[in-house]
Amino acid sequence: MIQNPTFKAHLRVSCIPGEGVLLLSEDAATALHGPIYEQLVPLLDGQRSADDIVAALAPQADAAQVYYALMLLEKNGHLAEATPHIDPATAAFWHGQGCAPEAAMQALRSKRVRVCAVGQVDSRPMCQALQAQGVQLTQDAHADLEVLLTDDYLRTDLAHHNAAALQAQRPWLLLPGPQPDRQPVCGRPPGADRSAAAGRGKQPGQPGHGLPIGGLGGGQTPGRG
């Protein structure tokens, strides 16, 4: 059992008097029925152990009932060990991804990332953002992950890079990047309409769906497997 349990940081916890507790996240809602959960909420602050919580509720609830409720909350993925040394927003992000924040941040610090720009793209904001999260940047071709920023997904350099990465089994990630003296690329990079139109027999500018990466490994998102 978790030593000092608290609700995961990405959850919004709301008590409904006489009904129970509602746990809300970006993509889910969970109802916890029963007064025991209402009683537990203020005590799940990450500063008390399970035994402390049982002792605090001794006048109101049986110890076995409290331990069982805590076990169910942990089993169903609603509780985590308190991490007061981690920024709450950072903890919420990692909890929302199903990761333990401390382990995820340690993994980030142990990996080396290479950032490359293809086209008229400014890679500095990405580098600064990664460094702010403790990610090690490198120019080594054998980095753990390569991030390519581009202004056009149709650049032939990207197809060549994807073929080489697949052959070498080297993970990489393709992203639209901010362009110097212009607004960041939103939605599709320039040229996406040309590919979409060609693939469906439409003229550029006609309505379409999805972001084409047709020249990149048979339509698979690079760097994922």
# chains A, B, ... in the order shown; residues from 1 in each chain; ligands from 1
>>> select_by_dssp(residues="region 83-141 of chain A", states="strand (DSSP E or B)", output="PDB file with N, CA and C atoms, in the first residue's frame")
ATOM      1  N   ARG A 112      19.020  11.501 -24.000  1.00  0.00           N
ATOM      2  CA  ARG A 112      19.596  12.588 -24.787  1.00  0.00           C
ATOM      3  C   ARG A 112      18.750  12.804 -26.042  1.00  0.00           C
ATOM      4  N   VAL A 113      18.427  14.061 -26.299  1.00  0.00           N
ATOM      5  CA  VAL A 113      17.560  14.411 -27.422  1.00  0.00           C
ATOM      6  C   VAL A 113      18.301  15.340 -28.377  1.00  0.00           C
ATOM      7  N   ARG A 114      18.173  15.045 -29.653  1.00  0.00           N
ATOM      8  CA  ARG A 114      18.759  15.897 -30.690  1.00  0.00           C
ATOM      9  C   ARG A 114      17.631  16.626 -31.411  1.00  0.00           C
ATOM     10  N   VAL A 115      17.715  17.947 -31.480  1.00  0.00           N
ATOM     11  CA  VAL A 115      16.704  18.763 -32.157  1.00  0.00           C
ATOM     12  C   VAL A 115      17.290  19.289 -33.461  1.00  0.00           C
ATOM     13  N   CYS A 116      16.578  19.049 -34.563  1.00  0.00           N
ATOM     14  CA  CYS A 116      17.035  19.501 -35.878  1.00  0.00           C
ATOM     15  C   CYS A 116      15.923  20.293 -36.560  1.00  0.00           C
ATOM     16  N   ALA A 117      16.309  21.289 -37.329  1.00  0.00           N
ATOM     17  CA  ALA A 117      15.360  22.092 -38.093  1.00  0.00           C
ATOM     18  C   ALA A 117      15.503  21.757 -39.571  1.00  0.00           C
ATOM     19  N   VAL A 118      14.371  21.518 -40.225  1.00  0.00           N
ATOM     20  CA  VAL A 118      14.355  21.248 -41.662  1.00  0.00           C
ATOM     21  C   VAL A 118      13.478  22.310 -42.313  1.00  0.00           C
ATOM     22  N   GLN A 136      18.399  16.446 -21.624  1.00  0.00           N
ATOM     23  CA  GLN A 136      19.744  16.681 -22.141  1.00  0.00           C
ATOM     24  C   GLN A 136      19.705  16.805 -23.663  1.00  0.00           C
ATOM     25  N   LEU A 137      20.224  17.910 -24.174  1.00  0.00           N
ATOM     26  CA  LEU A 137      20.303  18.101 -25.620  1.00  0.00           C
ATOM     27  C   LEU A 137      21.686  17.701 -26.118  1.00  0.00           C
TER      28      LEU A 137
END
>>> select_by_dssp(residues="region 24-193 of chain A", states="alpha helix (DSSP H)", output="JSON, numbers by chain")
{"A": [35, 36, 37, 38, 39, 40, 50, 51, 52, 53, 54, 55, 56, 63, 64, 65, 66, 67, 68, 69, 70, 71, 72, 73, 74, 75, 88, 89, 90, 91, 92, 93, 94, 95, 96, 101, 102, 103, 104, 105, 106, 107, 108, 109, 110, 124, 125, 126, 127, 128, 129, 130, 131, 132, 156, 157, 158, 159, 160, 161, 162, 163, 164, 165, 166, 167, 168, 192, 193]}
>>> residues_around(residues="Ala63 (chain A)", least_positions_apart="5", cutoff="10 Å", atoms="only C-alpha atoms", output="PyMOL selection string")
chain A and resi 51+53-55+57-58+68-69
>>> residues_around(residues="Gly46 (chain A)", least_positions_apart="3", cutoff="6 Å", atoms="only C-alpha atoms", output="list in words")
Asn4, Pro5, Thr6 and Ala82 of chain A
>>> write_last_selection(atoms="N, CA and C atoms", output="mmCIF file, in the first residue's frame")
data_model
loop_
_atom_site.group_PDB
_atom_site.id
_atom_site.type_symbol
_atom_site.label_atom_id
_atom_site.label_comp_id
_atom_site.auth_asym_id
_atom_site.auth_seq_id
_atom_site.Cartn_x
_atom_site.Cartn_y
_atom_site.Cartn_z
ATOM 1 N N ASN A 4 2.151 7.371 1.919
ATOM 2 C CA ASN A 4 1.409 8.606 2.209
ATOM 3 C C ASN A 4 0.510 8.927 1.018
ATOM 4 N N PRO A 5 -0.674 8.334 0.966
ATOM 5 C CA PRO A 5 -1.511 8.444 -0.234
ATOM 6 C C PRO A 5 -2.157 9.813 -0.403
ATOM 7 N N THR A 6 -2.311 10.187 -1.655
ATOM 8 C CA THR A 6 -3.075 11.374 -2.028
ATOM 9 C C THR A 6 -3.704 11.107 -3.384
ATOM 10 N N ALA A 82 2.599 10.857 -2.354
ATOM 11 C CA ALA A 82 2.763 12.306 -2.361
ATOM 12 C C ALA A 82 4.151 12.680 -2.874
#
>>> residues_around(residues="Leu108 (chain A)", least_positions_apart="4", cutoff="9 Å", atoms="only C-alpha atoms", output="PyMOL selection string")
chain A and resi 103-104+112+133-136
>>> closest_residue(among="A:Tyr37, A:Trp94, A:Tyr67, A:Trp172", to="His142 (chain A)", atoms="only C-alpha atoms")
A:Trp172
